[in-house]
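Undergrad: Data file run.txt (compact mmCIF, C-alpha atoms) is appended below.
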```
# COMPACT_ATOMS: atom_id res chain seq x y z
CA MET A 1 0.00 0.00 0.00
CA ARG A 2 1.28 3.44 -0.86
CA LEU A 3 1.81 5.64 2.18
CA ASP A 4 -0.26 8.45 0.63
CA LEU A 5 -3.23 6.08 0.28
CA LEU A 6 -2.87 5.01 3.90
CA GLN A 7 -2.69 8.66 4.98
CA ALA A 8 -5.79 9.51 2.95
CA LEU A 9 -7.64 6.51 4.38
CA ASN A 10 -6.73 7.45 7.95
CA ALA A 11 -7.88 11.03 7.28
CA GLU A 12 -11.29 9.75 6.11
CA ARG A 13 -11.56 7.58 9.21
CA ALA A 14 -10.63 10.45 11.51
CA ALA A 15 -13.37 12.56 9.90
CA ARG A 16 -15.92 9.73 10.40
CA ARG A 17 -16.44 9.25 6.66
CA ALA A 18 -16.77 5.82 5.02
CA ALA A 19 -14.24 4.73 2.39
CA ILE A 20 -13.29 1.59 0.48
CA LEU A 21 -9.76 0.53 -0.43
CA VAL A 22 -9.63 -1.42 -3.71
CA THR A 23 -6.55 -3.66 -3.90
CA ALA A 24 -5.45 -5.91 -6.79
CA LEU A 25 -4.01 -9.01 -5.11
CA ASP A 26 -1.08 -9.15 -7.54
CA GLY A 27 0.01 -5.71 -6.34
CA SER A 28 -0.56 -4.08 -9.73
CA ALA A 29 -3.07 -1.44 -8.64
CA GLN A 30 -4.68 0.07 -5.58
CA ARG A 31 -7.07 2.97 -5.08
CA LEU A 32 -9.08 4.61 -2.32
CA VAL A 33 -12.72 5.31 -3.08
CA ARG A 34 -14.39 7.80 -0.77
CA GLU A 35 -18.10 7.44 -0.02
CA ALA A 36 -18.89 10.50 -2.13
CA GLY A 37 -16.91 9.10 -5.08
CA ILE A 38 -18.46 5.64 -5.27
CA GLY A 39 -20.94 6.53 -8.03
CA ALA A 40 -18.13 7.46 -10.41
CA ASP A 41 -16.06 4.30 -9.77
CA PRO A 42 -15.99 1.42 -12.32
CA LEU A 43 -17.10 -0.91 -9.48
CA ALA A 44 -19.88 1.46 -8.33
CA GLY A 45 -22.61 -1.18 -7.83
CA GLU A 46 -20.37 -3.61 -5.98
CA LEU A 47 -18.90 -0.86 -3.79
CA ALA A 48 -22.31 0.56 -2.86
CA ALA A 49 -23.55 -2.89 -1.83
CA ARG A 50 -20.39 -3.53 0.19
CA LEU A 51 -20.70 -0.21 1.97
CA ARG A 52 -24.32 -0.89 2.93
CA ALA A 53 -23.33 -4.28 4.38
CA GLY A 54 -20.20 -2.81 5.98
CA LYS A 55 -18.29 -5.97 5.03
CA SER A 56 -14.89 -6.34 3.37
CA GLY A 57 -14.35 -9.10 0.80
CA LEU A 58 -13.09 -10.32 -2.57
CA ALA A 59 -14.53 -9.09 -5.87
CA GLU A 60 -13.83 -9.30 -9.62
CA GLY A 61 -13.46 -13.08 -9.62
CA GLY A 62 -11.26 -13.07 -6.54
CA ASN A 63 -8.56 -10.87 -8.06
CA VAL A 64 -9.43 -7.75 -6.12
CA PHE A 65 -9.93 -7.21 -2.40
CA LEU A 66 -12.26 -4.53 -1.08
CA THR A 67 -11.41 -3.27 2.40
CA VAL A 68 -14.56 -1.53 3.62
CA HIS A 69 -14.04 1.10 6.28
CA VAL A 70 -17.11 2.47 7.99
CA PRO A 71 -16.73 4.93 10.87
CA PRO A 72 -16.16 3.33 14.27
CA PRO A 73 -19.38 3.28 16.28
CA ARG A 74 -19.74 5.85 19.00
CA LEU A 75 -22.10 6.35 21.92
CA VAL A 76 -23.48 9.67 23.10
CA VAL A 77 -24.94 9.43 26.60
CA ILE A 78 -27.35 12.12 27.74
CA GLY A 79 -27.09 12.31 31.51
CA ALA A 80 -24.07 12.14 33.81
CA VAL A 81 -26.04 9.84 36.09
CA HIS A 82 -25.24 6.74 38.15
CA ILE A 83 -26.02 4.36 35.24
CA SER A 84 -23.69 6.38 32.99
CA GLN A 85 -20.83 5.94 35.45
CA ALA A 86 -21.02 2.19 34.81
CA LEU A 87 -22.02 2.43 31.14
CA ALA A 88 -19.18 4.69 30.01
CA PRO A 89 -16.21 2.46 30.95
CA MET A 90 -17.96 -0.73 29.78
CA ALA A 91 -18.87 0.84 26.44
CA ALA A 92 -15.29 2.04 26.00
CA LEU A 93 -14.08 -1.56 26.52
CA THR A 94 -16.25 -2.70 23.62
CA ASP A 95 -14.62 -0.04 21.40
CA LEU A 96 -17.47 2.45 21.46
CA ASP A 97 -16.24 6.00 21.40
CA VAL A 98 -18.13 7.50 24.37
CA THR A 99 -19.17 11.09 25.09
CA ILE A 100 -21.35 12.21 28.01
CA ILE A 101 -23.57 15.29 27.92
CA ASP A 102 -25.32 16.83 30.93
CA PRO A 103 -25.93 20.53 31.57
CA ARG A 104 -26.19 19.94 35.31
CA THR A 105 -22.70 20.79 36.54
CA ALA A 106 -23.24 18.97 39.82
CA PHE A 107 -23.54 15.73 37.85
CA ALA A 108 -21.08 16.37 35.04
CA THR A 109 -17.84 16.41 37.01
CA PRO A 110 -14.49 14.85 36.05
CA GLU A 111 -14.39 13.26 39.52
CA ARG A 112 -17.49 11.23 38.69
CA PHE A 113 -16.32 10.55 35.12
CA PRO A 114 -12.57 10.12 34.89
CA ASP A 115 -11.23 9.43 31.37
CA VAL A 116 -14.52 10.16 29.58
CA PRO A 117 -15.15 13.19 27.35
CA LEU A 118 -17.74 15.16 29.28
CA LEU A 119 -19.71 18.18 28.08
CA ALA A 120 -21.50 20.19 30.79
CA GLN A 121 -23.85 21.80 28.26
CA TRP A 122 -27.41 21.50 27.02
CA PRO A 123 -27.71 18.82 24.32
CA GLU A 124 -28.38 21.27 21.46
CA GLU A 125 -25.22 23.15 22.31
CA ALA A 126 -23.11 20.07 23.00
CA LEU A 127 -24.24 18.17 19.89
CA ALA A 128 -23.38 21.18 17.74
CA ALA A 129 -19.83 21.01 19.08
CA LEU A 130 -19.41 17.28 18.30
CA PRO A 131 -19.11 15.53 14.92
CA PRO A 132 -22.70 15.38 13.55
CA LEU A 133 -24.93 12.53 14.71
CA ASP A 134 -24.96 9.81 12.01
CA ARG A 135 -26.05 6.22 11.45
CA TYR A 136 -22.84 5.01 13.12
CA THR A 137 -23.83 6.72 16.39
CA ALA A 138 -25.88 5.42 19.33
CA VAL A 139 -27.68 7.80 21.68
CA ALA A 140 -28.86 6.81 25.16
CA ALA A 141 -30.97 9.35 27.05
CA LEU A 142 -30.76 8.65 30.78
CA THR A 143 -31.70 11.84 32.66
CA HIS A 144 -35.45 11.22 33.18
CA ASP A 145 -35.80 14.95 32.45
CA PRO A 146 -37.65 15.77 29.21
CA LYS A 147 -36.01 19.20 29.04
CA ILE A 148 -32.64 17.47 28.64
CA ASP A 149 -33.56 14.14 27.00
CA ASP A 150 -36.10 15.24 24.38
CA PRO A 151 -33.96 17.56 22.23
CA ALA A 152 -31.28 14.86 22.00
CA LEU A 153 -33.84 12.18 21.12
CA VAL A 154 -35.36 14.33 18.37
CA ALA A 155 -31.91 15.02 16.90
CA ALA A 156 -30.88 11.35 17.13
CA LEU A 157 -34.05 10.03 15.48
CA ARG A 158 -33.79 12.62 12.69
CA ALA A 159 -30.13 11.67 12.08
CA GLU A 160 -31.11 7.96 11.85
CA CYS A 161 -28.71 6.93 14.60
CA PHE A 162 -28.39 3.13 14.68
CA TYR A 163 -29.60 3.09 18.26
CA VAL A 164 -31.74 5.55 20.18
CA GLY A 165 -32.88 4.59 23.68
CA ALA A 166 -34.57 6.45 26.50
CA LEU A 167 -34.83 5.63 30.19
CA GLY A 168 -38.26 5.81 31.79
CA SER A 169 -41.36 3.78 32.57
CA ARG A 170 -43.96 2.81 29.99
CA LYS A 171 -46.19 5.55 31.41
CA THR A 172 -43.61 8.31 30.99
CA HIS A 173 -42.84 6.89 27.56
CA ALA A 174 -46.46 7.34 26.43
CA LYS A 175 -46.17 11.04 27.26
CA ARG A 176 -42.80 11.17 25.54
CA VAL A 177 -44.30 9.75 22.35
CA GLU A 178 -46.87 12.58 22.36
CA ARG A 179 -44.15 15.19 22.76
CA LEU A 180 -41.99 13.67 19.99
CA ALA A 181 -45.01 13.65 17.65
CA GLN A 182 -45.62 17.32 18.47
CA ALA A 183 -41.97 17.97 17.62
CA GLY A 184 -42.77 16.73 14.12
CA LEU A 185 -41.39 13.18 14.15
CA ASP A 186 -43.42 10.59 12.24
CA GLU A 187 -44.58 7.26 13.58
CA ALA A 188 -41.77 5.30 11.93
CA ALA A 189 -39.10 7.49 13.52
CA ILE A 190 -40.74 7.33 16.95
CA GLY A 191 -41.07 3.55 16.50
CA ARG A 192 -37.29 3.24 16.33
CA LEU A 193 -36.92 4.64 19.85
CA ARG A 194 -36.14 1.90 22.37
CA ALA A 195 -38.10 2.50 25.53
CA PRO A 196 -38.01 1.31 28.21
CA ILE A 197 -34.30 1.24 27.48
CA GLY A 198 -32.20 -1.94 27.66
CA LEU A 199 -32.66 -5.65 27.09
CA ASP A 200 -35.00 -7.28 29.57
CA ILE A 201 -32.53 -9.15 31.78
CA GLY A 202 -34.24 -8.19 35.03
CA ALA A 203 -31.60 -5.56 35.75
CA VAL A 204 -31.94 -3.88 39.15
CA SER A 205 -28.77 -1.95 40.05
CA PRO A 206 -27.45 0.94 37.95
CA THR A 207 -24.57 -1.27 36.79
CA GLU A 208 -26.94 -4.04 35.74
CA ILE A 209 -29.06 -1.53 33.83
CA ALA A 210 -25.87 -0.33 32.13
CA VAL A 211 -25.17 -3.94 31.06
CA SER A 212 -28.67 -4.26 29.62
CA VAL A 213 -28.31 -0.97 27.71
CA LEU A 214 -24.90 -1.90 26.35
CA ALA A 215 -26.15 -5.33 25.26
CA GLU A 216 -29.05 -3.68 23.44
CA ILE A 217 -26.65 -1.29 21.68
CA ILE A 218 -24.39 -4.18 20.59
CA ALA A 219 -27.43 -6.11 19.28
CA ALA A 220 -28.54 -3.05 17.30
CA LEU A 221 -25.05 -2.69 15.86
CA ARG A 222 -24.37 -6.31 14.99
CA LYS A 223 -27.80 -7.68 14.13
CA ALA A 224 -29.07 -4.70 12.15
CA ALA A 225 -30.43 -5.50 8.73
CA PRO A 226 -28.38 -3.64 6.14
CA MET B 1 -11.19 -5.83 20.85
CA LEU B 2 -8.72 -3.70 22.75
CA THR B 3 -6.95 -2.70 19.53
CA THR B 4 -9.23 -1.34 16.85
CA ASP B 5 -8.48 -1.29 13.13
CA THR B 6 -8.19 2.49 13.43
CA ASP B 7 -5.33 2.15 15.91
CA ILE B 8 -3.61 -0.42 13.70
CA LEU B 9 -3.76 1.64 10.51
CA THR B 10 -2.79 4.81 12.36
CA ALA B 11 0.17 2.98 13.90
CA ALA B 12 1.21 1.61 10.49
CA GLN B 13 1.16 5.14 9.08
CA GLY B 14 3.15 6.49 12.04
CA TRP B 15 5.76 3.74 11.78
CA ARG B 16 6.24 4.37 8.06
CA GLU B 17 6.40 8.15 8.52
CA ALA B 18 9.12 7.56 11.12
CA GLY B 19 11.12 5.79 8.42
CA ARG B 20 10.55 2.21 9.51
CA GLY B 21 9.90 -0.60 7.03
CA VAL B 22 6.25 -1.61 7.43
CA ALA B 23 3.99 -4.38 6.12
CA LEU B 24 0.25 -4.67 6.46
CA ALA B 25 -1.47 -8.06 6.61
CA THR B 26 -5.20 -8.32 5.90
CA VAL B 27 -7.53 -11.32 6.18
CA ILE B 28 -9.07 -11.54 2.69
CA GLU B 29 -10.98 -14.81 2.87
CA THR B 30 -12.11 -17.29 5.51
CA TRP B 31 -13.71 -20.75 5.46
CA GLY B 32 -15.26 -22.57 8.39
CA SER B 33 -14.70 -21.23 11.86
CA ALA B 34 -12.08 -18.53 11.51
CA PRO B 35 -11.09 -16.54 14.57
CA ARG B 36 -10.90 -13.09 12.92
CA PRO B 37 -13.29 -11.72 10.30
CA VAL B 38 -12.40 -10.74 6.74
CA GLY B 39 -10.83 -7.29 6.73
CA SER B 40 -8.92 -7.75 10.02
CA HIS B 41 -5.46 -6.21 10.02
CA LEU B 42 -2.04 -6.95 11.44
CA ALA B 43 0.64 -4.27 11.05
CA ILE B 44 4.28 -5.35 11.25
CA ASP B 45 7.48 -3.30 11.26
CA GLN B 46 10.99 -4.31 10.19
CA GLU B 47 11.97 -5.15 13.77
CA GLY B 48 9.10 -7.59 14.12
CA ASN B 49 6.97 -5.31 16.27
CA PHE B 50 3.32 -5.91 15.49
CA LEU B 51 -0.15 -4.63 16.30
CA GLY B 52 -3.54 -6.25 15.68
CA SER B 53 -4.26 -9.83 14.63
CA VAL B 54 -5.32 -11.97 11.68
CA SER B 55 -6.11 -15.03 13.81
CA GLY B 56 -6.44 -15.56 17.52
CA GLY B 57 -2.67 -15.80 17.72
CA CYS B 58 -2.41 -19.12 15.82
CA VAL B 59 -0.60 -18.01 12.68
CA GLU B 60 0.72 -14.55 13.55
CA GLY B 61 4.28 -15.88 13.88
CA ALA B 62 4.28 -17.20 10.32
CA VAL B 63 2.69 -14.01 8.95
CA ILE B 64 5.32 -11.86 10.69
CA THR B 65 8.14 -14.01 9.25
CA GLU B 66 6.68 -13.60 5.76
CA ALA B 67 6.15 -9.88 6.35
CA MET B 68 9.89 -9.44 6.87
CA GLU B 69 10.46 -10.65 3.30
CA VAL B 70 7.67 -8.47 1.95
CA ILE B 71 9.27 -5.42 3.60
CA GLU B 72 12.54 -6.51 2.01
CA ASP B 73 11.45 -7.10 -1.60
CA GLY B 74 8.16 -5.15 -1.81
CA ARG B 75 6.30 -8.01 -3.50
CA PRO B 76 2.83 -8.67 -2.02
CA ARG B 77 2.05 -12.27 -1.01
CA VAL B 78 -1.19 -14.13 -0.40
CA LEU B 79 -0.73 -16.69 2.38
CA GLU B 80 -3.10 -19.51 3.18
CA PHE B 81 -3.39 -21.23 6.53
CA GLY B 82 -5.58 -24.08 7.65
CA VAL B 83 -5.94 -27.78 8.32
CA ALA B 84 -6.03 -28.62 4.61
CA ASP B 85 -2.63 -27.08 4.00
CA GLU B 86 0.25 -29.51 4.55
CA THR B 87 2.86 -26.83 5.16
CA ALA B 88 0.57 -24.84 7.40
CA TRP B 89 -0.21 -27.79 9.62
CA ARG B 90 2.55 -26.90 12.04
CA VAL B 91 1.19 -23.40 12.45
CA GLY B 92 -2.40 -24.30 11.51
CA LEU B 93 -5.58 -23.01 12.99
CA SER B 94 -6.63 -25.16 15.90
CA CYS B 95 -10.24 -24.15 15.32
CA GLY B 96 -10.25 -26.11 12.05
CA GLY B 97 -10.89 -23.12 9.82
CA ARG B 98 -8.91 -21.82 6.87
CA ILE B 99 -7.88 -18.27 6.13
CA ARG B 100 -6.13 -16.38 3.31
CA VAL B 101 -4.04 -13.38 4.25
CA LEU B 102 -2.70 -10.65 1.96
CA VAL B 103 0.64 -9.22 3.08
CA GLU B 104 1.72 -5.98 1.38
CA ARG B 105 4.43 -3.44 1.99
CA VAL B 106 3.55 0.12 3.02
CA ALA B 107 5.75 2.17 0.74
```
Output the file's structure in the form of C-alpha cells.

TA:
Amino acid sequence: MRLDLLQALNAERAARRAAILVTALDGSAQRLVREAGIGADPLAGELAARLRAGKSGLAEGGNVFLTVHVPPPRLVVIGAVHISQALAPMAALTDLDVTIIDPRTAFATPERFPDVPLLAQWPEEALAALPPLDRYTAVAALTHDPKIDDPALVAALRAECFYVGALGSRKTHAKRVERLAQAGLDEAAIGRLRAPIGLDIGAVSPTEIAVSVLAEIIAALRKAAP
Amino acid sequence: MLTTDTDILTAAQGWREAGRGVALATVIETWGSAPRPVGSHLAIDQEGNFLGSVSGGCVEGAVITEAMEVIEDGRPRVLEFGVADETAWRVGLSCGGRIRVLVERVA
C-alpha cells in the first residue's frame, strides 16, 4: 500500500467518513474510493452494496480485495447519572467512542467521570460542538428529564442513529411519544426509539441496567439489517 | 477488541512516517470457523513489532516471518493457513478453519 493512500484513508476515518480501499491481489493497482466518489467508480454497484453491508471481501473473480471502512461506532450518553458511570467504561471496553452530555454541573464532574469526554452543556449546544450525529452513532438518554432528554432524542431520530434509547417507565414513555409527535417526528421514527431502554434481563442496580443498555446497543449494531 | 483497526492503521502510518519498514497483513478470505473476520489487520514493522491480529494468535508468527520478506522485496504475497494445508499444519488453525491473508508493503 502506498503511504499516501494510507494517509488519505486514515484522514477519512478520523473525519468519520466511510471509504473503500480497492486492492489488486497481484500488487498491480490500488485505489481509495471515498463514499462521495463511489458513483463514479468502475465498481460502483459492488462498492455501494459492500458499503451498505459494511463488510470487506473479494470481488472481480477473486482478483481484487475490497477493504470496507465504515466509521467506528460511538455512543453519546445524555445524563451524567449513576447508570452512565457504569455504562461509560464498559462501552469504551467494547470499542465504542463514548461522550457524556449533561448541563447539570453537579452531575457532570471529572471526579465522577474520569477518562470520559464530558460536556456540561445542554444537548443542542453540546451536539453542535461534536461531529454530527450519524447512522454510526448510538444515543442513550438517561436523565429522566424531558427538558434534557427530548432535544437529543429528536436530533438522534432525525439523524437515523443506529440506536436511540430512553430511560423511563412505559407511562412516561407514552407522554414522551406525544411530545416527539408534536416535535414533528413521524410514527416510523418514533417507533425506532427503544423504551423502556435496555434488554429485559431483570436488571436492578445501575450497573446491571448499564449492562442491559450496552447489550441492546451491541445487538442493534451487529444484528441490524443492512 | 482492545486494539481497533483504526489504531492499527494509524500505527502503520506512524511507523512508516518515522522511516521504519512496514507491512500490512489483511484477512481476505475465511472458510469454516475462523477466529478473525475478513478485513482484520495486522501491522508489522521491520523489527518484528506488530499490532492487531489476523487469527487468535495461531498463525501470527508465520505471517510476521513472511512480512519481513515483503518489507525486504516489496512483492505482495497471499498466504493460506488451515488444516487442509500440509505446510501450514505446524502453524495451523486449531479451530479447524482456513484463512487467506494478503501481506503488502507500506511504501

Undergrad: Pull out every residue of chain B sitting within 6 Å of chain A, counting all atoms listed in the file, and send them as a PyMOL selection string.

TA: chain B and resi 39+76+105-107

Undergrad: Grab the CA of Glu178 (chain A) to CA of Val154 (chain A) distance for me, in Å with one decimal place.

TA: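 Distance reported for this atom pair: 12.3 Å.
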
Undergrad: Between CA of Ala49 (chain A) and CA of Gly191 (chain A), what is the spacing in Å?

TA: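 If I compute the distance from CA of Gly191 (chain A) to CA of Ala49 (chain A), I get 26.2 Å.
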
Undergrad: Given all atoms listed in the file as the basis, pick out the residue of A:Gly198, A:Pro89, A:Pro151, A:Gly39 nearest to Val116 (chain A).

TA: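 Between A:Gly198, A:Pro89, A:Pro151, A:Gly39, the residue approaching Val116 (chain A) most closely is A:Pro89.
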
Undergrad: So which residues touch Gly48 (chain B) within 9 Å, counting only C-alpha atoms, skipping near sequence neighbours fewer than 2 positions away, as a ChimeraX atom specification?

TA: /B:44-46,50,64-65,67-68

Undergrad: Using the selection just defined, write its residues with C-alpha atoms as a short mmCIF file (atom, residue, chain, number, x, y, z; two decimals), in the coordinates of the input.

TA:
```
data_model
loop_
_atom_site.label_atom_id
_atom_site.label_comp_id
_atom_site.auth_asym_id
_atom_site.auth_seq_id
_atom_site.Cartn_x
_atom_site.Cartn_y
_atom_site.Cartn_z
CA ILE B 44 4.28 -5.35 11.25
CA ASP B 45 7.48 -3.30 11.26
CA GLN B 46 10.99 -4.31 10.19
CA PHE B 50 3.32 -5.91 15.49
CA ILE B 64 5.32 -11.86 10.69
CA THR B 65 8.14 -14.01 9.25
CA ALA B 67 6.15 -9.88 6.35
CA MET B 68 9.89 -9.44 6.87
#
```

Undergrad: List the spatial neighbours of Ile99 (chain B) as JSON, numbers by chain - criterion: any atom at most 7 Å away, all atoms listed in the file, same-chain residues fewer than 3 positions off excluded.

TA: {"B": [27, 29, 30, 31, 34, 80, 81, 82]}

Undergrad: State, in Å with one decimal place, the distance from CA of Arg176 (chain A) to CA of Pro123 (chain A).

TA: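 The value is 17.0 Å.
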
Undergrad: Return as lines of an AutoDock Vina configuration file the centre and edge lengths, in Å with one decimal, of the box along x, y and z that encloses every atom of region 3-22 of chain A in the file, padded by 5 Å per side.

TA:
```
center_x = -7.5
center_y = 5.6
center_z = 3.9
size_x = 28.6
size_y = 24.0
size_z = 25.2
```

Undergrad: Identify the residues around (-11.4, 11.9, 32.9) within a radius of 12 Å, measuring from only C-alpha atoms in the coordinates stated by the file, and give them as a ChimeraX atom specification.

TA: /A:85,88-89,98-100,108-119

Undergrad: Pick out the residues sitting within 9 Å of Met90 (chain A), and hand them over as a tab-separated table (two decimals) with C-alpha atoms, in the frame of the given file; count all atoms listed in the file, and ignore anything fewer than 3 positions along from it in its own chain.

TA:
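This went into around29.tsv:
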```tsv
chain	number	residue	atom	x	y	z
A	86	ALA	CA	-21.02	2.19	34.81
A	87	LEU	CA	-22.02	2.43	31.14
A	93	LEU	CA	-14.08	-1.56	26.52
A	94	THR	CA	-16.25	-2.70	23.62
A	96	LEU	CA	-17.47	2.45	21.46
A	210	ALA	CA	-25.87	-0.33	32.13
A	211	VAL	CA	-25.17	-3.94	31.06
A	214	LEU	CA	-24.90	-1.90	26.35
```

Undergrad: Between B:Val70, B:Ala12, B:Val78, B:Val101, which has the minimum distance to Val54 (chain B) (counting all atoms listed in the file)?

TA: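 Once distances to Val54 (chain B) are computed over all atoms listed in the file, the minimum belongs to B:Val101.
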
Undergrad: Choose the residue, out of B:Thr10, B:Trp15, B:Val103, B:Gly56, that has the smallest atom-to-atom separation from Glu69 (chain B); count all atoms listed in the file.

TA: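 Closest residue, counting all atoms listed in the file: B:Val103.
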